[in-house]
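Data from my_file25.cif: mmCIF, C-alpha atoms
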```cif
data_my_file
loop_
_atom_site.group_PDB
_atom_site.id
_atom_site.type_symbol
_atom_site.label_atom_id
_atom_site.label_comp_id
_atom_site.auth_asym_id
_atom_site.auth_seq_id
_atom_site.Cartn_x
_atom_site.Cartn_y
_atom_site.Cartn_z
ATOM 1 C CA TRP F 149 -15.606 3.812 18.516
ATOM 2 C CA ARG F 150 -18.283 6.011 16.934
ATOM 3 C CA SER F 151 -20.960 3.676 18.232
ATOM 4 C CA LEU F 152 -19.614 3.897 21.781
ATOM 5 C CA ARG F 153 -19.344 7.687 21.636
ATOM 6 C CA THR F 154 -22.773 8.371 20.123
ATOM 7 C CA GLY F 155 -24.851 5.318 21.049
ATOM 8 C CA ASP F 156 -25.925 5.186 17.391
ATOM 9 C CA ALA F 157 -27.009 1.666 16.442
ATOM 10 C CA VAL F 158 -26.128 2.243 12.759
ATOM 11 C CA TYR F 159 -22.420 2.470 13.591
ATOM 12 C CA ALA F 160 -22.641 -0.765 15.584
ATOM 13 C CA GLU F 161 -24.385 -2.533 12.706
ATOM 14 C CA LEU F 162 -21.693 -1.392 10.266
ATOM 15 C CA ALA F 163 -18.947 -2.546 12.606
ATOM 16 C CA ARG F 164 -20.520 -5.992 12.965
ATOM 17 C CA ARG F 165 -20.968 -6.427 9.228
ATOM 18 C CA TRP F 166 -17.485 -5.218 8.302
ATOM 19 C CA MET F 167 -15.868 -7.460 10.897
ATOM 20 C CA LYS F 168 -17.614 -10.516 9.438
ATOM 21 C CA ALA F 169 -16.206 -9.630 6.016
ATOM 22 C CA ALA F 170 -12.771 -9.021 7.566
ATOM 23 C CA GLY F 171 -12.918 -12.438 9.244
ATOM 24 C CA VAL F 172 -13.579 -14.147 5.897
ATOM 25 C CA LEU F 173 -10.756 -12.209 4.213
ATOM 26 C CA PHE F 174 -8.432 -13.074 7.081
ATOM 27 C CA ALA F 175 -9.185 -16.777 6.654
ATOM 28 C CA VAL F 176 -8.464 -16.523 2.915
ATOM 29 C CA GLY F 177 -5.224 -14.701 3.716
ATOM 30 C CA ALA F 178 -4.170 -17.420 6.124
ATOM 31 C CA VAL F 179 -4.612 -20.107 3.465
ATOM 32 C CA SER F 180 -2.925 -18.126 0.678
ATOM 33 C CA GLY F 181 -0.094 -17.156 3.024
ATOM 34 C CA THR F 182 0.557 -20.814 3.785
ATOM 35 C CA VAL F 183 0.776 -21.560 0.061
ATOM 36 C CA LEU F 184 3.135 -18.619 -0.402
ATOM 37 C CA SER F 185 5.522 -19.882 2.258
ATOM 38 C CA PHE F 186 5.824 -23.200 0.388
ATOM 39 C CA GLU F 187 6.267 -21.390 -2.925
ATOM 40 C CA MET F 188 9.323 -19.554 -1.635
ATOM 41 C CA GLY F 189 11.096 -22.855 -1.082
ATOM 42 C CA THR F 190 9.773 -24.795 -4.070
ATOM 43 C CA LEU F 191 10.141 -22.112 -6.748
ATOM 44 C CA TRP F 192 13.402 -20.526 -5.564
ATOM 45 C CA PRO F 193 15.192 -23.201 -3.496
ATOM 46 C CA GLY F 194 18.695 -21.928 -4.334
ATOM 47 C CA PHE F 195 17.814 -18.387 -3.398
ATOM 48 C CA MET F 196 16.205 -19.459 -0.118
ATOM 49 C CA ASP F 197 19.057 -21.815 0.732
ATOM 50 C CA THR F 198 21.660 -19.090 0.248
ATOM 51 C CA TYR F 199 19.911 -16.013 1.614
ATOM 52 C CA GLY F 200 17.060 -17.362 3.757
ATOM 53 C CA GLN F 201 19.112 -16.869 6.918
ATOM 54 C CA VAL F 202 19.471 -13.163 6.082
ATOM 55 C CA PHE F 203 15.813 -12.208 5.758
ATOM 56 C CA GLY F 204 14.237 -15.177 7.555
ATOM 57 C CA ALA F 205 13.796 -13.150 10.746
ATOM 58 C CA ALA F 206 11.323 -10.875 8.956
ATOM 59 C CA PHE F 207 9.127 -13.845 8.065
ATOM 60 C CA ALA F 208 9.379 -15.148 11.644
ATOM 61 C CA LEU F 209 8.262 -11.781 13.048
ATOM 62 C CA GLU F 210 5.485 -11.626 10.469
ATOM 63 C CA GLY F 211 4.315 -15.011 11.718
ATOM 64 C CA ILE F 212 4.225 -13.737 15.300
ATOM 65 C CA ALA F 213 2.267 -10.651 14.244
ATOM 66 C CA PHE F 214 -0.101 -12.868 12.273
ATOM 67 C CA PHE F 215 -0.855 -15.068 15.281
ATOM 68 C CA ILE F 216 -1.456 -12.023 17.497
ATOM 69 C CA GLU F 217 -3.836 -10.717 14.862
ATOM 70 C CA ALA F 218 -5.599 -14.086 14.640
ATOM 71 C CA ILE F 219 -6.014 -14.428 18.417
ATOM 72 C CA PHE F 220 -7.500 -10.978 18.920
ATOM 73 C CA MET F 221 -9.641 -11.213 15.791
ATOM 74 C CA GLY F 222 -11.166 -14.368 17.261
ATOM 75 C CA VAL F 223 -11.798 -12.589 20.566
ATOM 76 C CA TYR F 224 -13.303 -9.617 18.732
ATOM 77 C CA LEU F 225 -15.518 -11.726 16.455
ATOM 78 C CA TYR F 226 -16.955 -13.858 19.272
ATOM 79 C CA GLY F 227 -16.884 -11.244 22.006
ATOM 80 C CA TRP F 228 -19.679 -8.955 20.848
ATOM 81 C CA ASP F 229 -22.144 -10.135 23.465
ATOM 82 C CA ARG F 230 -19.656 -11.651 25.919
ATOM 83 C CA LEU F 231 -17.514 -8.598 26.765
ATOM 84 C CA SER F 232 -18.365 -5.115 27.892
ATOM 85 C CA PRO F 233 -18.573 -2.675 24.941
ATOM 86 C CA ARG F 234 -15.343 -0.902 25.879
ATOM 87 C CA ALA F 235 -13.421 -4.126 26.516
ATOM 88 C CA HIS F 236 -14.652 -5.438 23.202
ATOM 89 C CA PHE F 237 -13.471 -2.273 21.447
ATOM 90 C CA VAL F 238 -10.021 -2.582 23.027
ATOM 91 C CA THR F 239 -9.634 -6.152 21.706
ATOM 92 C CA GLY F 240 -9.875 -4.735 18.183
ATOM 93 C CA ILE F 241 -6.832 -2.496 18.601
ATOM 94 C CA PRO F 242 -4.236 -5.338 18.492
ATOM 95 C CA VAL F 243 -5.851 -6.532 15.239
ATOM 96 C CA VAL F 244 -5.039 -3.191 13.624
ATOM 97 C CA VAL F 245 -1.547 -2.903 15.107
ATOM 98 C CA ALA F 246 -0.599 -6.501 14.293
ATOM 99 C CA GLY F 247 -1.981 -6.160 10.775
ATOM 100 C CA LEU F 248 0.165 -3.094 10.105
ATOM 101 C CA LEU F 249 3.223 -4.808 11.604
ATOM 102 C CA SER F 250 2.596 -7.947 9.552
ATOM 103 C CA ALA F 251 2.453 -5.928 6.334
ATOM 104 C CA SER F 252 5.609 -4.037 7.289
ATOM 105 C CA PHE F 253 7.596 -7.184 8.086
ATOM 106 C CA VAL F 254 6.641 -8.781 4.776
ATOM 107 C CA VAL F 255 7.585 -5.748 2.710
ATOM 108 C CA THR F 256 11.019 -5.576 4.368
ATOM 109 C CA VAL F 257 11.906 -8.730 2.424
ATOM 110 C CA ASN F 258 10.921 -7.088 -0.842
ATOM 111 C CA SER F 259 12.812 -3.924 0.073
ATOM 112 C CA TRP F 260 15.847 -6.048 1.017
ATOM 113 C CA MET F 261 15.862 -7.456 -2.516
ATOM 114 C CA ASN F 262 16.038 -3.850 -3.760
ATOM 115 C CA GLN F 263 18.730 -2.813 -1.274
ATOM 116 C CA PRO F 264 20.538 -5.945 0.052
ATOM 117 C CA ARG F 265 22.124 -5.385 3.452
ATOM 118 C CA GLY F 266 23.027 -7.318 6.580
ATOM 119 C CA PHE F 267 25.482 -9.910 5.260
ATOM 120 C CA ARG F 268 28.815 -10.481 3.534
ATOM 121 C CA LEU F 269 29.645 -12.903 0.750
ATOM 122 C CA VAL F 270 32.917 -14.780 1.286
ATOM 123 C CA ASP F 271 33.810 -17.311 -1.416
ATOM 124 C CA GLY F 272 30.136 -17.542 -2.330
ATOM 125 C CA GLU F 273 29.071 -18.212 1.252
ATOM 126 C CA VAL F 274 26.900 -15.844 3.301
ATOM 127 C CA THR F 275 28.614 -14.733 6.522
ATOM 128 C CA ASP F 276 28.257 -12.041 9.219
ATOM 129 C CA VAL F 277 24.465 -12.063 9.047
ATOM 130 C CA ASP F 278 22.735 -9.086 10.682
ATOM 131 C CA PRO F 279 18.947 -9.627 10.444
ATOM 132 C CA LEU F 280 18.099 -6.140 11.744
ATOM 133 C CA ALA F 281 20.322 -4.472 9.153
ATOM 134 C CA ALA F 282 18.651 -6.608 6.492
ATOM 135 C CA MET F 283 15.157 -5.657 7.648
ATOM 136 C CA PHE F 284 15.837 -1.955 8.098
ATOM 137 C CA ASN F 285 17.595 -1.429 4.792
ATOM 138 C CA PRO F 286 17.374 1.956 3.016
ATOM 139 C CA ALA F 287 14.362 0.908 0.919
ATOM 140 C CA THR F 288 12.229 -0.243 3.865
ATOM 141 C CA PRO F 289 10.784 3.132 5.012
ATOM 142 C CA VAL F 290 9.484 4.264 1.640
ATOM 143 C CA GLN F 291 8.227 0.835 0.575
ATOM 144 C CA ALA F 292 6.478 0.141 3.890
ATOM 145 C CA VAL F 293 4.699 3.502 3.947
ATOM 146 C CA HIS F 294 3.776 3.149 0.269
ATOM 147 C CA LEU F 295 2.328 -0.324 0.836
ATOM 148 C CA ILE F 296 0.338 0.562 3.963
ATOM 149 C CA LEU F 297 -1.194 3.678 2.391
ATOM 150 C CA ALA F 298 -2.057 1.681 -0.730
ATOM 151 C CA SER F 299 -3.699 -1.010 1.404
ATOM 152 C CA LEU F 300 -5.788 1.554 3.267
ATOM 153 C CA MET F 301 -6.792 3.196 -0.025
ATOM 154 C CA VAL F 302 -7.850 -0.109 -1.568
ATOM 155 C CA CYS F 303 -9.822 -1.050 1.538
ATOM 156 C CA GLY F 304 -11.475 2.368 1.823
ATOM 157 C CA PHE F 305 -12.479 2.820 -1.792
ATOM 158 C CA VAL F 306 -13.566 -0.796 -2.390
ATOM 159 C CA VAL F 307 -15.810 -0.868 0.690
ATOM 160 C CA ALA F 308 -17.194 2.572 -0.195
ATOM 161 C CA SER F 309 -18.011 1.380 -3.724
ATOM 162 C CA VAL F 310 -20.431 -1.218 -2.324
ATOM 163 C CA TYR F 311 -22.398 1.468 -0.515
ATOM 164 C CA ALA F 312 -22.114 3.855 -3.470
ATOM 165 C CA VAL F 313 -24.140 1.359 -5.530
ATOM 166 C CA ALA F 314 -26.736 1.200 -2.750
ATOM 167 C CA LEU F 315 -26.855 5.016 -2.524
ATOM 168 C CA LEU F 316 -27.505 5.300 -6.258
ATOM 169 C CA ARG F 317 -30.285 2.734 -5.962
ATOM 170 C CA ASP F 318 -31.810 4.652 -3.034
ATOM 171 C CA HIS F 319 -31.520 7.926 -4.953
ATOM 172 C CA ARG F 320 -33.413 6.504 -7.945
ATOM 173 C CA ALA F 321 -36.089 5.252 -5.553
ATOM 174 C CA GLY F 322 -36.388 8.730 -4.025
ATOM 175 C CA ARG F 323 -35.264 7.809 -0.521
ATOM 176 C CA VAL F 324 -32.253 8.469 1.706
ATOM 177 C CA ASP F 325 -30.885 5.584 3.776
ATOM 178 C CA ARG F 326 -28.611 6.728 6.627
ATOM 179 C CA TYR F 327 -27.079 3.261 6.909
ATOM 180 C CA HIS F 328 -25.821 3.435 3.331
ATOM 181 C CA ARG F 329 -24.729 7.066 3.686
ATOM 182 C CA LEU F 330 -22.539 6.243 6.701
ATOM 183 C CA GLY F 331 -21.376 3.010 5.106
ATOM 184 C CA PHE F 332 -20.128 5.087 2.185
ATOM 185 C CA ALA F 333 -18.784 8.105 4.080
ATOM 186 C CA ILE F 334 -16.554 6.318 6.619
ATOM 187 C CA PRO F 335 -14.432 4.172 4.263
ATOM 188 C CA PHE F 336 -14.463 6.788 1.496
ATOM 189 C CA SER F 337 -13.101 9.364 3.937
ATOM 190 C CA LEU F 338 -10.270 6.981 4.815
ATOM 191 C CA GLY F 339 -9.358 6.485 1.155
ATOM 192 C CA ALA F 340 -9.725 10.180 0.360
ATOM 193 C CA VAL F 341 -7.385 11.227 3.185
ATOM 194 C CA CYS F 342 -4.776 8.655 2.132
ATOM 195 C CA ALA F 343 -4.869 9.590 -1.575
ATOM 196 C CA PRO F 344 -2.954 12.911 -1.386
ATOM 197 C CA LEU F 345 -0.555 11.411 1.153
ATOM 198 C CA GLN F 346 0.163 8.596 -1.291
ATOM 199 C CA VAL F 347 1.016 11.113 -4.024
ATOM 200 C CA LEU F 348 3.703 12.571 -1.756
ATOM 201 C CA VAL F 349 5.008 9.128 -0.821
ATOM 202 C CA GLY F 350 4.994 8.131 -4.496
ATOM 203 C CA ASP F 351 7.183 11.117 -5.298
ATOM 204 C CA TRP F 352 9.514 10.042 -2.482
ATOM 205 C CA ALA F 353 9.613 6.525 -3.941
ATOM 206 C CA VAL F 354 10.429 7.717 -7.471
ATOM 207 C CA ARG F 355 13.276 9.893 -6.169
ATOM 208 C CA PHE F 356 14.608 6.919 -4.202
ATOM 209 C CA VAL F 357 14.565 4.747 -7.321
ATOM 210 C CA HIS F 358 16.299 7.504 -9.309
ATOM 211 C CA ASP F 359 19.092 7.729 -6.726
ATOM 212 C CA ASN F 360 19.547 4.003 -6.087
ATOM 213 C CA GLN F 361 18.274 2.071 -9.125
ATOM 214 C CA PRO F 362 18.777 4.299 -12.171
ATOM 215 C CA ILE F 363 18.104 1.546 -14.707
ATOM 216 C CA LYS F 364 14.712 0.869 -13.128
ATOM 217 C CA PHE F 365 14.001 4.619 -13.142
ATOM 218 C CA ALA F 366 14.876 4.861 -16.830
ATOM 219 C CA ALA F 367 12.568 1.949 -17.647
ATOM 220 C CA MET F 368 9.531 3.149 -15.722
ATOM 221 C CA GLU F 369 9.867 6.769 -16.897
ATOM 222 C CA GLY F 370 10.573 5.786 -20.508
ATOM 223 C CA VAL F 371 13.990 7.477 -20.696
ATOM 224 C CA GLU F 372 15.561 5.784 -23.711
ATOM 225 C CA HIS F 373 18.612 8.018 -24.130
ATOM 226 C CA THR F 374 20.832 9.891 -21.683
ATOM 227 C CA GLU F 375 20.070 13.577 -22.105
ATOM 228 C CA ALA F 376 19.677 16.905 -20.338
ATOM 229 C CA GLY F 377 16.315 18.557 -19.768
ATOM 230 C CA VAL F 378 14.292 15.342 -20.044
ATOM 231 C CA PRO F 379 10.568 15.894 -20.647
ATOM 232 C CA PHE F 380 7.870 14.198 -18.601
ATOM 233 C CA ARG F 381 5.949 11.817 -20.850
ATOM 234 C CA PHE F 382 2.621 10.265 -19.966
ATOM 235 C CA ALA F 383 0.684 8.458 -22.684
ATOM 236 C CA VAL F 384 0.398 11.031 -25.499
ATOM 237 C CA PHE F 385 1.259 14.012 -23.299
ATOM 238 C CA GLU F 386 4.708 15.536 -22.953
ATOM 239 C CA ILE F 387 5.908 18.421 -20.767
ATOM 240 C CA PRO F 388 9.374 19.748 -21.735
ATOM 241 C CA ASN F 389 12.112 19.523 -19.068
ATOM 242 C CA ALA F 390 9.525 18.449 -16.463
ATOM 243 C CA LEU F 391 11.016 15.060 -15.534
ATOM 244 C CA SER F 392 14.459 16.563 -14.905
ATOM 245 C CA PHE F 393 12.892 19.278 -12.763
ATOM 246 C CA MET F 394 10.608 16.935 -10.776
ATOM 247 C CA THR F 395 13.489 14.576 -10.058
ATOM 248 C CA THR F 396 16.341 17.007 -9.292
ATOM 249 C CA PHE F 397 14.676 20.458 -9.108
ATOM 250 C CA ASP F 398 16.898 21.388 -12.063
ATOM 251 C CA ALA F 399 15.056 21.687 -15.379
ATOM 252 C CA HIS F 400 18.279 21.095 -17.319
ATOM 253 C CA ALA F 401 19.640 18.171 -15.279
ATOM 254 C CA THR F 402 20.990 15.151 -17.138
ATOM 255 C CA LEU F 403 19.191 11.856 -16.548
ATOM 256 C CA ARG F 404 20.630 8.484 -17.507
ATOM 257 C CA GLY F 405 18.750 6.555 -20.161
ATOM 258 C CA LEU F 406 18.557 2.860 -20.926
ATOM 259 C CA ASP F 407 21.267 3.290 -23.574
ATOM 260 C CA SER F 408 23.818 3.903 -20.798
ATOM 261 C CA PHE F 409 23.379 0.359 -19.441
ATOM 262 C CA PRO F 410 24.399 -2.954 -21.058
ATOM 263 C CA ALA F 411 21.543 -4.500 -23.041
ATOM 264 C CA GLU F 412 21.747 -7.775 -21.090
ATOM 265 C CA VAL F 413 20.686 -6.050 -17.835
ATOM 266 C CA HIS F 414 17.752 -4.113 -19.315
ATOM 267 C CA PRO F 415 14.418 -4.845 -17.621
ATOM 268 C CA PRO F 416 11.286 -5.435 -19.748
ATOM 269 C CA ALA F 417 10.950 -1.683 -20.253
ATOM 270 C CA GLU F 418 7.531 -1.649 -21.940
ATOM 271 C CA VAL F 419 5.935 -3.758 -19.204
ATOM 272 C CA VAL F 420 7.504 -1.625 -16.465
ATOM 273 C CA ARG F 421 6.536 1.626 -18.195
ATOM 274 C CA PHE F 422 2.954 0.549 -18.914
ATOM 275 C CA SER F 423 2.446 -0.689 -15.356
ATOM 276 C CA PHE F 424 3.857 2.544 -13.958
ATOM 277 C CA GLU F 425 1.513 4.647 -16.116
ATOM 278 C CA ILE F 426 -1.493 2.593 -15.036
ATOM 279 C CA MET F 427 -0.530 3.167 -11.400
ATOM 280 C CA ILE F 428 -0.206 6.913 -11.976
ATOM 281 C CA ALA F 429 -3.570 7.066 -13.764
ATOM 282 C CA ILE F 430 -5.334 5.217 -10.943
ATOM 283 C CA GLY F 431 -3.646 7.393 -8.327
ATOM 284 C CA MET F 432 -4.636 10.620 -10.079
ATOM 285 C CA GLY F 433 -8.194 9.350 -10.495
ATOM 286 C CA LEU F 434 -8.477 8.563 -6.795
ATOM 287 C CA LEU F 435 -6.915 11.929 -5.958
ATOM 288 C CA GLY F 436 -9.607 13.551 -8.098
ATOM 289 C CA LEU F 437 -12.263 11.646 -6.154
ATOM 290 C CA ALA F 438 -10.715 12.885 -2.905
ATOM 291 C CA ALA F 439 -10.812 16.489 -4.183
ATOM 292 C CA TRP F 440 -14.454 16.068 -5.218
ATOM 293 C CA TRP F 441 -15.276 14.728 -1.752
ATOM 294 C CA ALA F 442 -13.536 17.677 -0.051
ATOM 295 C CA VAL F 443 -15.335 20.295 -2.188
ATOM 296 C CA SER F 444 -18.671 18.529 -1.786
ATOM 297 C CA TRP F 445 -18.265 18.366 1.997
ATOM 298 C CA TRP F 446 -17.226 22.032 2.171
ATOM 299 C CA LEU F 447 -20.194 23.208 0.099
ATOM 300 C CA ARG F 448 -22.924 20.912 1.442
ATOM 301 C CA ARG F 449 -21.540 19.381 4.659
#
```

Would it be possible to restate this file's structure as structure tokens?
Amino acid sequence: WRSLRTGDAVYAELARRWMKAAGVLFAVGAVSGTVLSFEMGTLWPGFMDTYGQVFGAAFALEGIAFFIEAIFMGVYLYGWDRLSPRAHFVTGIPVVVAGLLSASFVVTVNSWMNQPRGFRLVDGEVTDVDPLAAMFNPATPVQAVHLILASLMVCGFVVASVYAVALLRDHRAGRVDRYHRLGFAIPFSLGAVCAPLQVLVGDWAVRFVHDNQPIKFAAMEGVEHTEAGVPFRFAVFEIPNALSFMTTFDAHATLRGLDSFPAEVHPPAEVVRFSFEIMIAIGMGLLGLAAWWAVSWWLRR
């Protein structure tokens, strides 16, 4: 789009190179996705046999979105010199839309496992299946948004890191390469814009878990005992009453701890807690990068 608007050949070169990399990644995804579909049946045959009819529609729709993405990616990859520039640009739009839909359909299955809907169990048999109710369960909105923002952040920051290395090399050599500057700025801007949005969505997700899966909340926040005015703990840091306030806007609210649940249903709390802290640390680090980018742009354009 920037190439069409400005006529700048650097944008066109970046687009060509990134699309080649995207084509390779897409091919890898197609192979790994095929393996995954077999794994669902071979590793969890009882689960799939009982509940596959409930969430199977999501996988079917994901397959349709995948094929749309594949068709238009092929047209885009091989249409550089065969289509007009604007027609070629338009063929890239379904790739983006289908990719986002594909990700959303897949995550509805994961969200369904957090909030099962769209069926009834009668004498151990699944009846009254409603695939739409299963797909659009209460966990779907927050998990889909969280996943898509995370995907865009990973893509943006990883691609930018390649050009960051090249920029450092150019800087040591005493030269400025516009190709590397644009190659860094475009994906980094995408990641930097998504980072603060992801913090807000992450807060939404934690509140959802608190309201709907309190034992998971207790594990990931390290709440061992039910108490009022729970502090926020992160690594060696502790802020009194902060977790109660962040969760309920009441600094003295009572939060359920792991001790209020039977021991046999406890998740592996240390693994959950450690993973959650790593996620927070990465998110805050990327948010700091986004803030640095904003200040740097404001001061130096």

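What the PyMOL selection byres ((chain F and resi 286) around 10) picks from this file is F:Thr256, F:Ser259, F:Trp260, F:Asn262, F:Gln263, F:Pro264, F:Arg265, F:Ala281, F:Ala282, F:Met283, F:Phe284, F:Asn285, F:Ala287, F:Thr288, F:Pro289, F:Val290, F:Gln291, F:Phe356, F:Asn360.
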
With distances taken over all atoms listed in the file, which residue among F:Arg230, F:His236, F:Arg449, F:His319 lies nearest Ala163 of chain F?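 Ranking F:Arg230, F:His236, F:Arg449, F:His319 by distance to Ala163 of chain F, first place goes to F:His236.
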
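The residues returned by the PyMOL selection byres ((chain F and resi 203) around 10) on the shown structure are Met196, Tyr199, Gly200, Gln201, Val202, Gly204, Ala205, Ala206, Phe207, Ala208, Phe253, Val254, Thr256, Val257, Asn258, Trp260, Met261, Pro264, Arg265, Gly266, Phe267, Val277, Asp278, Pro279, Leu280, Ala281, Ala282 and Met283 of chain F.
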
List the residues matched by the PyMOL selection byres ((chain F and resi 351) around 12) in the displayed structure as a ChimeraX atom specification, ordered by chain and then by residue number. /F:290-291,294,344-350,352-358,391,394-396,428,431

Output, as JSON, the centre and edge lengths in Å (one decimal) of the axis-aligned box that contains all listed atoms of segment 198-206 of chain F with 3 Å of margin on each side.
```
{"center_x": 16.5, "center_y": -15.0, "center_z": 5.5, "size_x": 16.3, "size_y": 14.2, "size_z": 16.5}
```

One number please: atom CA of Ile363 of chain F to atom CA of Glu418 of chain F, in Å, one decimal.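 Separation of atom CA of Ile363 of chain F and atom CA of Glu418 of chain F: 13.2 Å.
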
Nearest-residue call for Phe382 of chain F, choices F:Val270, F:Val419, F:Leu316, F:Ala429, using only C-alpha atoms: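 The closest residue to Phe382 of chain F is F:Ala429.
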
Write out as a compact mmCIF listing (two decimals) with C-alpha atoms, in the frame of the given file each polymer residue whose atoms come within 12 Å of Ala439 of chain F, counting all atoms listed in the file; drop sequence neighbours fewer than 3 positions from it.
```txt
# COMPACT_ATOMS: atom_id res chain seq x y z
CA PHE F 336 -14.46 6.79 1.50
CA SER F 337 -13.10 9.36 3.94
CA GLY F 339 -9.36 6.48 1.16
CA ALA F 340 -9.72 10.18 0.36
CA VAL F 341 -7.38 11.23 3.18
CA CYS F 342 -4.78 8.65 2.13
CA ALA F 343 -4.87 9.59 -1.58
CA PRO F 344 -2.95 12.91 -1.39
CA MET F 432 -4.64 10.62 -10.08
CA GLY F 433 -8.19 9.35 -10.50
CA LEU F 434 -8.48 8.56 -6.80
CA LEU F 435 -6.92 11.93 -5.96
CA GLY F 436 -9.61 13.55 -8.10
CA ALA F 442 -13.54 17.68 -0.05
CA VAL F 443 -15.34 20.30 -2.19
CA SER F 444 -18.67 18.53 -1.79
CA TRP F 445 -18.26 18.37 2.00
CA TRP F 446 -17.23 22.03 2.17
```

Quote the spacing between atom CA of Phe174 of chain F and atom CA of Glu187 of chain F in Å to one decimal place. 19.6 Å

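If you look at atom CA of Pro388 of chain F and atom CA of Gly370 of chain F, they are 14.1 Å away from each other.
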
Residues near Asp156 of chain F, anyone? I mean within 12 Å using all atoms listed in the file, not counting same-chain ones fewer than 6 positions away, as a ChimeraX atom specification. /F:149-150,162-163,326-327,330

Which residues, written as a list in words, have at least one atom at most 8 Å from Ile296 of chain F, with only C-alpha atoms counted and residues fewer than 3 positions away on the same chain left out?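 Once the nearby chain positions are removed, what remains is Leu248, Ala251, Ser252, Ala292, Val293, Ser299 and Leu300 of chain F.
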
12 Å contact set for Ala383 of chain F, all atoms listed in the file, chain neighbours under 2 positions out, as an MDAnalysis selection string: chainID F and resid 369:370 380:381 385:387 421:426 428:429

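Candidate residues F:Val243, F:Val310, F:Phe237, F:Ser232 were compared for distance to Ile219 of chain F, and the nearest is F:Val243, using all atoms listed in the file.
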
Which is closer to Ala376 of chain F than all the others in F:Asp325, F:Asp398, F:Glu412, F:Asp229, using all atoms listed in the file?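 With all atoms listed in the file as the atom set, the closest residue is F:Asp398.
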
Write out as JSON, numbers by chain the residues lying within 7 Å of segment 238-242 of chain F, counting all atoms listed in the file and excluding same-chain residues fewer than 4 positions away. {"F": [217, 220, 221, 223, 224, 234, 246]}

With all atoms listed in the file as the basis for distance, which of F:Ser250, F:Thr374, F:Ser392, F:Gln361 is at the shortest distance from Gly177 of chain F? F:Ser250

Residues of segment 276-391 of chain F at most 8 Å from segment 401-411 of chain F: nearest atom pair and distance in Å, all atoms listed in the file, as a Markdown table:
```
| residue | atom | partner | partner_atom | distance |
| --- | --- | --- | --- | --- |
| F:Pro362 | CA | F:Arg404 | CA | 7.0 |
| F:Ile363 | CA | F:Leu406 | CA | 6.4 |
| F:Ala366 | CA | F:Gly405 | CA | 5.4 |
| F:Ala367 | CA | F:Leu406 | CA | 6.9 |
| F:Val371 | CA | F:Gly405 | CA | 4.9 |
| F:Glu372 | CA | F:Gly405 | CA | 4.8 |
| F:His373 | CA | F:Gly405 | CA | 4.2 |
| F:Thr374 | CA | F:Gly405 | CA | 4.2 |
| F:Glu375 | CA | F:Thr402 | CA | 5.3 |
| F:Ala376 | CA | F:Thr402 | CA | 3.9 |
| F:Gly377 | CA | F:Ala401 | CA | 5.6 |
| F:Val378 | CA | F:Leu403 | CA | 7.0 |
```

Go through F:Ala170, F:Ala438, F:Ala333, F:Leu269 and flag the residue nearest Gly247 of chain F, using all atoms listed in the file for the distances.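 Looking only at the distances to Gly247 of chain F, the closest residue turns out to be F:Ala170.
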
Can you patch up segment 325-336 of chain F, filling it in to N, CA and C atoms, and show the result as a CSV table (one decimal), keeping the file's coordinate frame?
```csv
chain,number,residue,atom,x,y,z
F,325,ASP,N,-31.1,6.6,2.8
F,325,ASP,CA,-30.9,5.6,3.8
F,325,ASP,C,-29.6,6.0,4.5
F,326,ARG,N,-29.8,6.3,5.8
F,326,ARG,CA,-28.6,6.7,6.6
F,326,ARG,C,-27.6,5.6,6.8
F,327,TYR,N,-28.0,4.4,6.8
F,327,TYR,CA,-27.1,3.3,6.9
F,327,TYR,C,-26.1,3.3,5.7
F,328,HIS,N,-26.7,3.4,4.5
F,328,HIS,CA,-25.8,3.4,3.3
F,328,HIS,C,-25.0,4.7,3.2
F,329,ARG,N,-25.5,5.8,3.7
F,329,ARG,CA,-24.7,7.1,3.7
F,329,ARG,C,-23.5,6.9,4.6
F,330,LEU,N,-23.7,6.4,5.8
F,330,LEU,CA,-22.5,6.2,6.7
F,330,LEU,C,-21.6,5.2,6.2
F,331,GLY,N,-22.2,4.1,5.7
F,331,GLY,CA,-21.4,3.0,5.1
F,331,GLY,C,-20.5,3.5,4.0
F,332,PHE,N,-20.9,4.5,3.2
F,332,PHE,CA,-20.1,5.1,2.2
F,332,PHE,C,-19.1,6.1,2.8
F,333,ALA,N,-19.6,7.0,3.6
F,333,ALA,CA,-18.8,8.1,4.1
F,333,ALA,C,-17.6,7.7,4.9
F,334,ILE,N,-17.7,6.7,5.7
F,334,ILE,CA,-16.6,6.3,6.6
F,334,ILE,C,-15.4,5.7,5.8
F,335,PRO,N,-15.6,4.7,5.0
F,335,PRO,CA,-14.4,4.2,4.3
F,335,PRO,C,-14.0,5.1,3.2
F,336,PHE,N,-14.9,5.9,2.5
F,336,PHE,CA,-14.5,6.8,1.5
F,336,PHE,C,-13.6,7.9,2.1
```
